[in-house]
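S.K.: Sharing my_file-v2.pdb below, PDB, C-alpha atoms:
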```pdb
MODEL        1
ATOM      1  CA  MET Z   1      -1.832 207.563 370.681
ATOM      2  CA  HIS Z   2      -2.215 204.372 372.699
ATOM      3  CA  ASP Z   3       0.333 202.088 371.041
ATOM      4  CA  PRO Z   4       3.447 203.500 369.308
ATOM      5  CA  LYS Z   5       4.040 200.193 367.496
ATOM      6  CA  VAL Z   6       0.862 200.513 365.415
ATOM      7  CA  PRO Z   7       2.154 202.835 362.624
ATOM      8  CA  ALA Z   8       4.948 200.450 361.582
ATOM      9  CA  ARG Z   9       2.545 197.512 361.739
ATOM     10  CA  ILE Z  10      -0.054 199.199 359.512
ATOM     11  CA  LEU Z  11       2.647 200.251 357.047
ATOM     12  CA  ARG Z  12       3.956 196.683 356.858
ATOM     13  CA  MET Z  13       0.402 195.352 356.457
ATOM     14  CA  PHE Z  14      -0.130 197.635 353.442
ATOM     15  CA  PHE Z  15       3.144 196.527 351.849
ATOM     16  CA  HIS Z  16       2.424 192.827 352.416
ATOM     17  CA  ASP Z  17      -1.086 193.248 351.017
ATOM     18  CA  CYS Z  18      -0.078 195.056 347.828
ATOM     19  CA  PHE Z  19       2.841 192.732 347.069
ATOM     20  CA  ILE Z  20       0.567 189.676 346.889
ATOM     21  CA  ARG Z  21      -2.345 189.922 344.401
ATOM     22  CA  GLY Z  22      -2.138 193.719 344.497
ATOM     23  CA  CYS Z  23      -3.850 196.108 346.939
ATOM     24  CA  ASP Z  24      -7.040 194.090 347.448
ATOM     25  CA  ALA Z  25      -7.073 193.501 351.248
ATOM     26  CA  SER Z  26      -6.413 189.781 350.702
ATOM     27  CA  VAL Z  27      -4.002 189.960 353.657
ATOM     28  CA  LEU Z  28      -6.960 190.673 355.974
ATOM     29  CA  LEU Z  29      -8.960 187.532 355.157
ATOM     30  CA  ASP Z  30      -9.067 184.853 357.851
ATOM     31  CA  SER Z  31      -8.196 181.233 357.121
ATOM     32  CA  THR Z  32     -11.093 178.782 356.747
ATOM     33  CA  SER Z  33     -11.320 175.013 357.156
ATOM     34  CA  GLY Z  34     -10.638 174.639 353.440
ATOM     35  CA  ASN Z  35      -8.041 177.380 352.926
ATOM     36  CA  GLN Z  36      -4.993 178.771 354.706
ATOM     37  CA  ALA Z  37      -5.013 182.518 354.090
ATOM     38  CA  GLU Z  38      -2.123 184.944 353.562
ATOM     39  CA  LYS Z  39      -2.092 186.168 357.159
ATOM     40  CA  ASP Z  40      -1.143 182.631 358.263
ATOM     41  CA  GLY Z  41       1.707 182.312 355.749
ATOM     42  CA  PRO Z  42       5.250 182.148 357.250
ATOM     43  CA  SER Z  43       6.110 185.732 356.251
ATOM     44  CA  ASN Z  44       2.907 187.134 357.763
ATOM     45  CA  ILE Z  45       2.681 185.337 361.117
ATOM     46  CA  SER Z  46       4.229 188.419 362.747
ATOM     47  CA  LEU Z  47       1.737 190.897 361.216
ATOM     48  CA  ARG Z  48      -0.198 192.670 363.962
ATOM     49  CA  SER Z  49      -2.888 195.301 364.658
ATOM     50  CA  PHE Z  50      -5.590 193.970 362.343
ATOM     51  CA  TYR Z  51      -7.987 195.202 365.045
ATOM     52  CA  MET Z  52      -7.225 198.765 363.953
ATOM     53  CA  ILE Z  53      -8.619 198.110 360.479
ATOM     54  CA  ASP Z  54     -11.632 196.282 361.956
ATOM     55  CA  ASP Z  55     -12.378 199.256 364.240
ATOM     56  CA  VAL Z  56     -12.309 201.677 361.313
ATOM     57  CA  LYS Z  57     -14.432 199.375 359.177
ATOM     58  CA  SER Z  58     -17.142 198.966 361.821
ATOM     59  CA  LYS Z  59     -17.432 202.760 362.220
ATOM     60  CA  LEU Z  60     -17.568 203.272 358.463
ATOM     61  CA  GLU Z  61     -20.275 200.641 358.030
ATOM     62  CA  MET Z  62     -22.430 202.453 360.597
ATOM     63  CA  SER Z  63     -22.086 205.875 358.981
ATOM     64  CA  CYS Z  64     -21.465 205.040 355.324
ATOM     65  CA  PRO Z  65     -22.541 201.426 354.629
ATOM     66  CA  HIS Z  66     -21.187 199.334 351.746
ATOM     67  CA  LYS Z  67     -19.093 202.183 350.325
ATOM     68  CA  VAL Z  68     -15.457 202.021 351.510
ATOM     69  CA  SER Z  69     -13.460 198.868 350.835
ATOM     70  CA  CYS Z  70     -11.075 197.299 353.319
ATOM     71  CA  ALA Z  71      -8.339 197.764 350.703
ATOM     72  CA  ASP Z  72      -8.918 201.538 350.711
ATOM     73  CA  ILE Z  73      -8.906 201.580 354.507
ATOM     74  CA  VAL Z  74      -5.477 199.891 354.636
ATOM     75  CA  ALA Z  75      -4.068 202.319 352.046
ATOM     76  CA  ILE Z  76      -5.392 205.378 353.883
ATOM     77  CA  ALA Z  77      -4.347 204.078 357.311
ATOM     78  CA  ALA Z  78      -0.789 203.465 356.057
ATOM     79  CA  ARG Z  79      -0.604 207.043 354.777
ATOM     80  CA  ASP Z  80      -1.981 208.466 358.030
ATOM     81  CA  ALA Z  81       0.412 206.357 360.116
ATOM     82  CA  VAL Z  82       3.347 207.945 358.278
ATOM     83  CA  THR Z  83       1.922 211.462 358.436
ATOM     84  CA  MET Z  84       1.160 211.229 362.173
ATOM     85  CA  ASP Z  85       4.785 210.167 362.776
ATOM     86  CA  GLY Z  86       6.140 213.268 361.063
ATOM     87  CA  GLY Z  87       6.366 211.918 357.531
ATOM     88  CA  PRO Z  88       4.850 213.213 354.282
ATOM     89  CA  TYR Z  89       1.186 213.356 353.316
ATOM     90  CA  TRP Z  90       0.008 212.191 349.910
ATOM     91  CA  ASN Z  91      -3.323 211.990 348.136
ATOM     92  CA  ILE Z  92      -4.739 208.492 347.802
ATOM     93  CA  LEU Z  93      -6.918 207.480 344.898
ATOM     94  CA  LYS Z  94      -9.986 205.698 346.290
ATOM     95  CA  GLY Z  95     -12.191 203.037 344.799
ATOM     96  CA  ARG Z  96     -10.217 199.829 345.321
ATOM     97  CA  LYS Z  97     -12.350 196.719 345.638
ATOM     98  CA  ASP Z  98     -11.675 193.818 347.994
ATOM     99  CA  GLY Z  99     -10.510 190.514 346.566
ATOM    100  CA  LYS Z 100     -12.072 187.161 347.393
ATOM    101  CA  VAL Z 101      -8.927 184.994 347.250
ATOM    102  CA  SER Z 102      -6.153 184.714 349.838
ATOM    103  CA  LYS Z 103      -3.573 181.913 349.828
ATOM    104  CA  ALA Z 104      -0.795 181.485 352.389
ATOM    105  CA  ALA Z 105       1.423 179.744 349.818
ATOM    106  CA  GLU Z 106       1.613 182.931 347.751
ATOM    107  CA  THR Z 107       3.423 184.816 350.521
ATOM    108  CA  ILE Z 108       6.606 183.109 349.310
ATOM    109  CA  ASN Z 109       6.637 185.943 346.737
ATOM    110  CA  LEU Z 110       7.370 188.579 349.395
ATOM    111  CA  PRO Z 111      10.980 189.853 349.279
ATOM    112  CA  ALA Z 112      13.089 188.030 351.860
ATOM    113  CA  PRO Z 113      15.359 189.777 354.410
ATOM    114  CA  THR Z 114      18.298 187.895 352.865
ATOM    115  CA  PHE Z 115      17.748 189.206 349.311
ATOM    116  CA  ASN Z 116      20.601 190.874 347.446
ATOM    117  CA  VAL Z 117      19.984 193.926 345.245
ATOM    118  CA  THR Z 118      19.494 191.910 342.048
ATOM    119  CA  GLN Z 119      16.791 189.825 343.747
ATOM    120  CA  LEU Z 120      15.163 192.965 345.186
ATOM    121  CA  ILE Z 121      15.168 194.714 341.809
ATOM    122  CA  GLN Z 122      13.571 191.673 340.150
ATOM    123  CA  SER Z 123      10.946 191.332 342.888
ATOM    124  CA  PHE Z 124       9.897 194.987 342.732
ATOM    125  CA  ALA Z 125      10.048 195.096 338.924
ATOM    126  CA  LYS Z 126       7.359 192.391 338.776
ATOM    127  CA  ARG Z 127       5.075 194.934 340.469
ATOM    128  CA  GLY Z 128       6.073 197.749 338.109
ATOM    129  CA  LEU Z 129       8.350 199.395 340.683
ATOM    130  CA  GLY Z 130      11.803 200.570 339.587
ATOM    131  CA  VAL Z 131      15.031 200.821 341.611
ATOM    132  CA  LYS Z 132      14.329 204.307 342.999
ATOM    133  CA  TYR Z 133      10.862 203.225 344.163
ATOM    134  CA  MET Z 134      12.371 200.128 345.772
ATOM    135  CA  VAL Z 135      14.990 202.085 347.734
ATOM    136  CA  ALA Z 136      12.461 204.741 348.762
ATOM    137  CA  LEU Z 137       9.884 202.210 349.986
ATOM    138  CA  PHE Z 138      12.417 200.784 352.415
ATOM    139  CA  GLY Z 139      12.123 204.151 354.160
ATOM    140  CA  ALA Z 140       9.225 202.393 355.905
ATOM    141  CA  HIS Z 141      11.946 200.806 358.050
ATOM    142  CA  SER Z 142      12.316 204.234 359.643
ATOM    143  CA  LEU Z 143       9.453 203.120 361.900
ATOM    144  CA  GLY Z 144      10.072 199.402 362.130
ATOM    145  CA  PHE Z 145      11.360 196.605 364.360
ATOM    146  CA  THR Z 146      12.471 193.111 363.379
ATOM    147  CA  HIS Z 147      13.001 189.913 365.333
ATOM    148  CA  CYS Z 148      16.320 188.108 365.692
ATOM    149  CA  SER Z 149      15.213 185.317 363.359
ATOM    150  CA  SER Z 150      15.338 187.742 360.416
ATOM    151  CA  PHE Z 151      19.010 188.633 360.820
ATOM    152  CA  GLU Z 152      20.731 186.182 363.191
ATOM    153  CA  ALA Z 153      22.366 184.399 360.226
ATOM    154  CA  ARG Z 154      24.478 187.559 359.818
ATOM    155  CA  LEU Z 155      25.753 187.264 363.408
ATOM    156  CA  HIS Z 156      26.762 183.626 363.854
ATOM    157  CA  ASN Z 157      28.781 181.399 361.485
ATOM    158  CA  PHE Z 158      28.134 183.774 358.589
ATOM    159  CA  SER Z 159      30.553 181.987 356.260
ATOM    160  CA  SER Z 160      33.558 179.680 356.295
ATOM    161  CA  VAL Z 161      35.771 182.780 356.554
ATOM    162  CA  HIS Z 162      33.696 185.210 358.648
ATOM    163  CA  GLY Z 163      31.809 184.597 361.876
ATOM    164  CA  THR Z 164      29.865 187.824 361.324
ATOM    165  CA  ASP Z 165      28.798 189.532 358.101
ATOM    166  CA  PRO Z 166      31.849 191.689 357.231
ATOM    167  CA  ASN Z 167      29.572 194.401 355.854
ATOM    168  CA  MET Z 168      28.267 195.061 359.369
ATOM    169  CA  ASN Z 169      29.809 197.633 361.691
ATOM    170  CA  ASP Z 170      31.822 195.707 364.332
ATOM    171  CA  GLU Z 171      30.421 197.483 367.385
ATOM    172  CA  PHE Z 172      26.894 197.231 366.027
ATOM    173  CA  ALA Z 173      27.354 193.515 365.359
ATOM    174  CA  GLU Z 174      28.584 192.952 368.909
ATOM    175  CA  ASN Z 175      25.494 194.713 370.339
ATOM    176  CA  LEU Z 176      23.216 192.568 368.182
ATOM    177  CA  ARG Z 177      24.966 189.381 369.251
ATOM    178  CA  LYS Z 178      24.200 190.262 372.873
ATOM    179  CA  LYS Z 179      20.522 190.769 372.030
ATOM    180  CA  CYS Z 180      20.365 187.656 369.854
ATOM    181  CA  PRO Z 181      22.597 184.981 371.430
ATOM    182  CA  LYS Z 182      22.756 181.472 370.048
ATOM    183  CA  PRO Z 183      20.657 179.671 371.095
ATOM    184  CA  ASN Z 184      18.129 182.458 371.594
ATOM    185  CA  LYS Z 185      15.372 181.736 374.113
ATOM    186  CA  ASP Z 186      13.633 185.135 373.872
ATOM    187  CA  ARG Z 187      11.207 185.044 370.959
ATOM    188  CA  ASN Z 188      10.477 188.759 371.330
ATOM    189  CA  ALA Z 189      14.122 189.812 371.067
ATOM    190  CA  GLY Z 190      15.164 191.876 368.080
ATOM    191  CA  GLU Z 191      16.283 195.296 366.937
ATOM    192  CA  PHE Z 192      14.766 198.582 365.739
ATOM    193  CA  PHE Z 193      15.757 199.637 362.241
ATOM    194  CA  ASP Z 194      16.773 203.078 363.440
ATOM    195  CA  SER Z 195      17.193 205.059 366.645
ATOM    196  CA  THR Z 196      14.336 207.554 366.131
ATOM    197  CA  LEU Z 197      11.679 204.952 366.795
ATOM    198  CA  SER Z 198       8.442 206.863 366.294
ATOM    199  CA  THR Z 199       9.576 209.501 363.810
ATOM    200  CA  PHE Z 200       9.615 209.147 360.056
ATOM    201  CA  ASP Z 201      12.996 210.526 358.981
ATOM    202  CA  ASN Z 202      16.150 209.614 357.055
ATOM    203  CA  GLU Z 203      18.041 208.176 360.041
ATOM    204  CA  TYR Z 204      17.598 204.661 358.619
ATOM    205  CA  TYR Z 205      19.559 205.604 355.484
ATOM    206  CA  LYS Z 206      22.317 207.208 357.540
ATOM    207  CA  ARG Z 207      22.606 204.021 359.557
ATOM    208  CA  ILE Z 208      22.968 201.696 356.597
ATOM    209  CA  MET Z 209      25.607 204.055 355.166
ATOM    210  CA  ALA Z 210      27.488 203.473 358.452
ATOM    211  CA  GLY Z 211      27.234 199.669 358.221
ATOM    212  CA  LYS Z 212      24.378 199.497 360.716
ATOM    213  CA  GLY Z 213      21.705 197.920 358.541
ATOM    214  CA  VAL Z 214      19.909 195.246 360.533
ATOM    215  CA  LEU Z 215      18.811 192.994 357.657
ATOM    216  CA  GLY Z 216      21.067 191.698 354.931
ATOM    217  CA  SER Z 217      18.732 193.287 352.378
ATOM    218  CA  ASP Z 218      19.086 196.650 354.173
ATOM    219  CA  GLN Z 219      22.865 196.612 353.968
ATOM    220  CA  ALA Z 220      22.928 195.201 350.421
ATOM    221  CA  ARG Z 221      21.598 198.468 348.987
ATOM    222  CA  VAL Z 222      24.787 200.279 350.028
ATOM    223  CA  GLY Z 223      27.075 197.696 348.443
ATOM    224  CA  ASP Z 224      25.549 197.837 344.957
ATOM    225  CA  TYR Z 225      26.216 200.700 342.520
ATOM    226  CA  ARG Z 226      22.610 200.581 341.251
ATOM    227  CA  SER Z 227      21.173 201.574 344.623
ATOM    228  CA  ARG Z 228      24.022 203.138 346.615
ATOM    229  CA  TRP Z 229      23.700 206.594 345.034
ATOM    230  CA  ILE Z 230      20.000 206.701 345.939
ATOM    231  CA  VAL Z 231      20.728 205.690 349.559
ATOM    232  CA  GLU Z 232      23.382 208.426 349.727
ATOM    233  CA  ALA Z 233      20.944 211.016 348.394
ATOM    234  CA  PHE Z 234      18.269 210.098 350.944
ATOM    235  CA  ALA Z 235      20.819 210.084 353.790
ATOM    236  CA  LYS Z 236      21.791 213.652 352.891
ATOM    237  CA  ASP Z 237      18.363 215.111 352.138
ATOM    238  CA  GLN Z 238      15.303 214.262 354.218
ATOM    239  CA  SER Z 239      12.967 216.421 352.123
ATOM    240  CA  LEU Z 240      14.001 214.438 349.030
ATOM    241  CA  LEU Z 241      13.226 211.209 350.879
ATOM    242  CA  SER Z 242       9.808 212.511 351.906
ATOM    243  CA  ARG Z 243       8.916 213.402 348.315
ATOM    244  CA  GLU Z 244      10.168 210.118 346.877
ATOM    245  CA  PHE Z 245       8.613 208.003 349.625
ATOM    246  CA  ALA Z 246       5.215 209.628 349.035
ATOM    247  CA  ALA Z 247       5.509 209.053 345.273
ATOM    248  CA  SER Z 248       6.534 205.430 345.856
ATOM    249  CA  MET Z 249       3.640 204.760 348.226
ATOM    250  CA  MET Z 250       1.210 206.194 345.671
ATOM    251  CA  LYS Z 251       2.714 203.932 343.001
ATOM    252  CA  LEU Z 252       2.589 200.881 345.300
ATOM    253  CA  GLY Z 253      -1.019 201.677 346.214
ATOM    254  CA  ASN Z 254      -1.999 201.299 342.553
ATOM    255  CA  VAL Z 255      -0.481 197.831 342.097
ATOM    256  CA  GLY Z 256      -3.014 195.217 341.018
ATOM    257  CA  VAL Z 257      -6.042 197.317 341.952
ATOM    258  CA  ILE Z 258      -9.266 195.500 341.057
ATOM    259  CA  ASP Z 259     -12.646 197.039 340.303
ATOM    260  CA  SER Z 260     -14.507 193.747 339.869
ATOM    261  CA  GLY Z 261     -14.347 192.619 343.495
ATOM    262  CA  GLU Z 262     -16.600 193.581 346.351
ATOM    263  CA  VAL Z 263     -16.753 195.930 349.325
ATOM    264  CA  ARG Z 264     -16.488 193.559 352.274
ATOM    265  CA  LEU Z 265     -18.827 194.180 355.182
ATOM    266  CA  GLN Z 266     -16.241 192.623 357.522
ATOM    267  CA  CYS Z 267     -12.601 192.703 356.523
ATOM    268  CA  GLY Z 268     -11.817 189.159 357.682
ATOM    269  CA  VAL Z 269     -14.438 187.366 355.592
ATOM    270  CA  VAL Z 270     -15.819 187.605 352.055
ATOM    271  CA  ASN Z 271     -19.449 188.695 351.756
TER     272      ASN Z 271
ENDMDL
END
```
Do you think you could lay out the structure here as structure tokens?

M.R.:
Amino acid sequence: MHDPKVPARILRMFFHDCFIRGCDASVLLDSTSGNQAEKDGPSNISLRSFYMIDDVKSKLEMSCPHKVSCADIVAIAARDAVTMDGGPYWNILKGRKDGKVSKAAETINLPAPTFNVTQLIQSFAKRGLGVKYMVALFGAHSLGFTHCSSFEARLHNFSSVHGTDPNMNDEFAENLRKKCPKPNKDRNAGEFFDSTLSTFDNEYYKRIMAGKGVLGSDQARVGDYRSRWIVEAFAKDQSLLSREFAASMMKLGNVGVIDSGEVRLQCGVVN
């Protein structure tokens, strides 16, 4: 209600948590003098809104102490963020425990914005997620925003032959070049993944079909026969996307779940 950027941030937090060590809230742990934690890894510097999880946790500890893990809170908050923005609702299995290990170096295992489809398929397969799950999970970009640094390589000196990525719509590329000039002095500059900023819908898939994917990894899914047909299906049928996105989030939420950890009393520190 107070900050429309929060849903996308919580959704990204959930994804970045589950992809490293599974859904164990390791992304919430603060760095210590002897350890740099995941949230301070290069891929996670731009993660925001941890205060939301802390607010929920403090209320839960007052009314229901030592019961609900930070990992469960992130999973439920990600679901609610989607539902409140017009997306699907899905049932979440509870009972995750919080991990005690968080290492910034491990964030190198997050899929990069420059990945091609083969690299994406391999990355998701390591977490037990097939091609359809991978394409559906990128529906999270329906709510997202990304900074110039994630895609400016597509806009300037792309290759020895092309100044701009030839897979990008010309008009769209020109607009992005204006927002992300070289050199770029505005660190906050960037682009939304789709035009319906606070609504979960299939506009993102329609845009990448039209050559208006912001990231290289967004656009790559249209250029590869293994994923293109799924993108086309989601672009045509929003109800199909909603069903598949919910199923994919449930599957992601079960990755690497541990039952031998703890229920943290504060999400930023181990007990």

S.K.: Quick one: residues within 10 Å of region 194-206 of chain Z, all atoms listed in the file counted, chain neighbours fewer than 5 positions away excluded, as a PyMOL selection string?

M.R.: chain Z and resi 4-8+81-88+135-136+138-145+211-214+218-219+221-222+230-242

S.K.: Give me, please, the distance in Å between CA of Val68 (chain Z) and CA of Ser248 (chain Z), quoted to one decimal.

M.R.: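 Answer for the CA of Val68 (chain Z) to CA of Ser248 (chain Z) separation: 23.0 Å.
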
S.K.: Name the residues that the PyMOL selection byres ((chain Z and resi 22) around 12) pulls out of this structure, and write them as a ChimeraX atom specification.

M.R.: /Z:14-21,23-27,71,75,96-99,101-102,106,109-110,126-128,251-259

S.K.: So that I can check the surroundings of Lys178 (chain Z), please list as a ChimeraX atom specification every protein, DNA and RNA residue that reaches within 12 Å of it, counting only C-alpha atoms and ignoring chain neighbours fewer than 4 positions away.

M.R.: /Z:148,152,155-156,171-174,182-184,186,189-191

S.K.: To one decimal place in Å, what is the distance between CA of Ser69 (chain Z) and CA of Leu265 (chain Z)?

M.R.: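 These two atoms are separated by 8.3 Å.
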
S.K.: Evaluating the PyMOL selection byres ((chain Z and resi 104) around 8) on the displayed file yields which residues, as a PDB file with C-alpha atoms, keeping the file's coordinate frame?

M.R.:
```
ATOM      1  CA  GLN Z  36      -4.993 178.771 354.706  1.00  0.00           C
ATOM      2  CA  ALA Z  37      -5.013 182.518 354.090  1.00  0.00           C
ATOM      3  CA  GLU Z  38      -2.123 184.944 353.562  1.00  0.00           C
ATOM      4  CA  LYS Z  39      -2.092 186.168 357.159  1.00  0.00           C
ATOM      5  CA  ASP Z  40      -1.143 182.631 358.263  1.00  0.00           C
ATOM      6  CA  GLY Z  41       1.707 182.312 355.749  1.00  0.00           C
ATOM      7  CA  PRO Z  42       5.250 182.148 357.250  1.00  0.00           C
ATOM      8  CA  SER Z 102      -6.153 184.714 349.838  1.00  0.00           C
ATOM      9  CA  LYS Z 103      -3.573 181.913 349.828  1.00  0.00           C
ATOM     10  CA  ALA Z 105       1.423 179.744 349.818  1.00  0.00           C
ATOM     11  CA  GLU Z 106       1.613 182.931 347.751  1.00  0.00           C
ATOM     12  CA  THR Z 107       3.423 184.816 350.521  1.00  0.00           C
TER      13      THR Z 107
END
```

S.K.: Between CA of Ser46 (chain Z) and CA of Leu120 (chain Z), measure the distance and give it in Å to one decimal.

M.R.: 21.2 Å

S.K.: Here is a test: counting only C-alpha atoms, which residue of Z:Lys57, Z:His147, Z:His162, Z:Arg207 is nearest to Lys179 (chain Z)?

M.R.: Z:His147

S.K.: Kindly indicate which residue among Z:Met168, Z:Ala112, Z:Leu93, Z:Leu137 lies nearest to Arg243 (chain Z), using all atoms listed in the file for the distances.

M.R.: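 That would be Z:Leu137, the residue with the smallest distance to Arg243 (chain Z).
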
S.K.: Measuring atom to atom with all atoms listed in the file, identify which of Z:Phe158, Z:Gly268, Z:Tyr51, Z:Gln119 is nearest to Asp224 (chain Z).

M.R.: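 Ranked by minimum distance to Asp224 (chain Z), first place goes to Z:Gln119.
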
S.K.: Give me the residues near Lys67 (chain Z) as an NGL selection string, where near means some atom within 10 Å (using all atoms listed in the file) and where sequence neighbours in that chain fewer than 6 positions away do not count.

M.R.: :Z and (60-61 or 95 or 97 or 262-265)

S.K.: Using all atoms listed in the file, find the one residue out of Z:Val270, Z:Ala220, Z:Met250, Z:Ile92 that sits nearest to Thr118 (chain Z).

M.R.: Z:Ala220
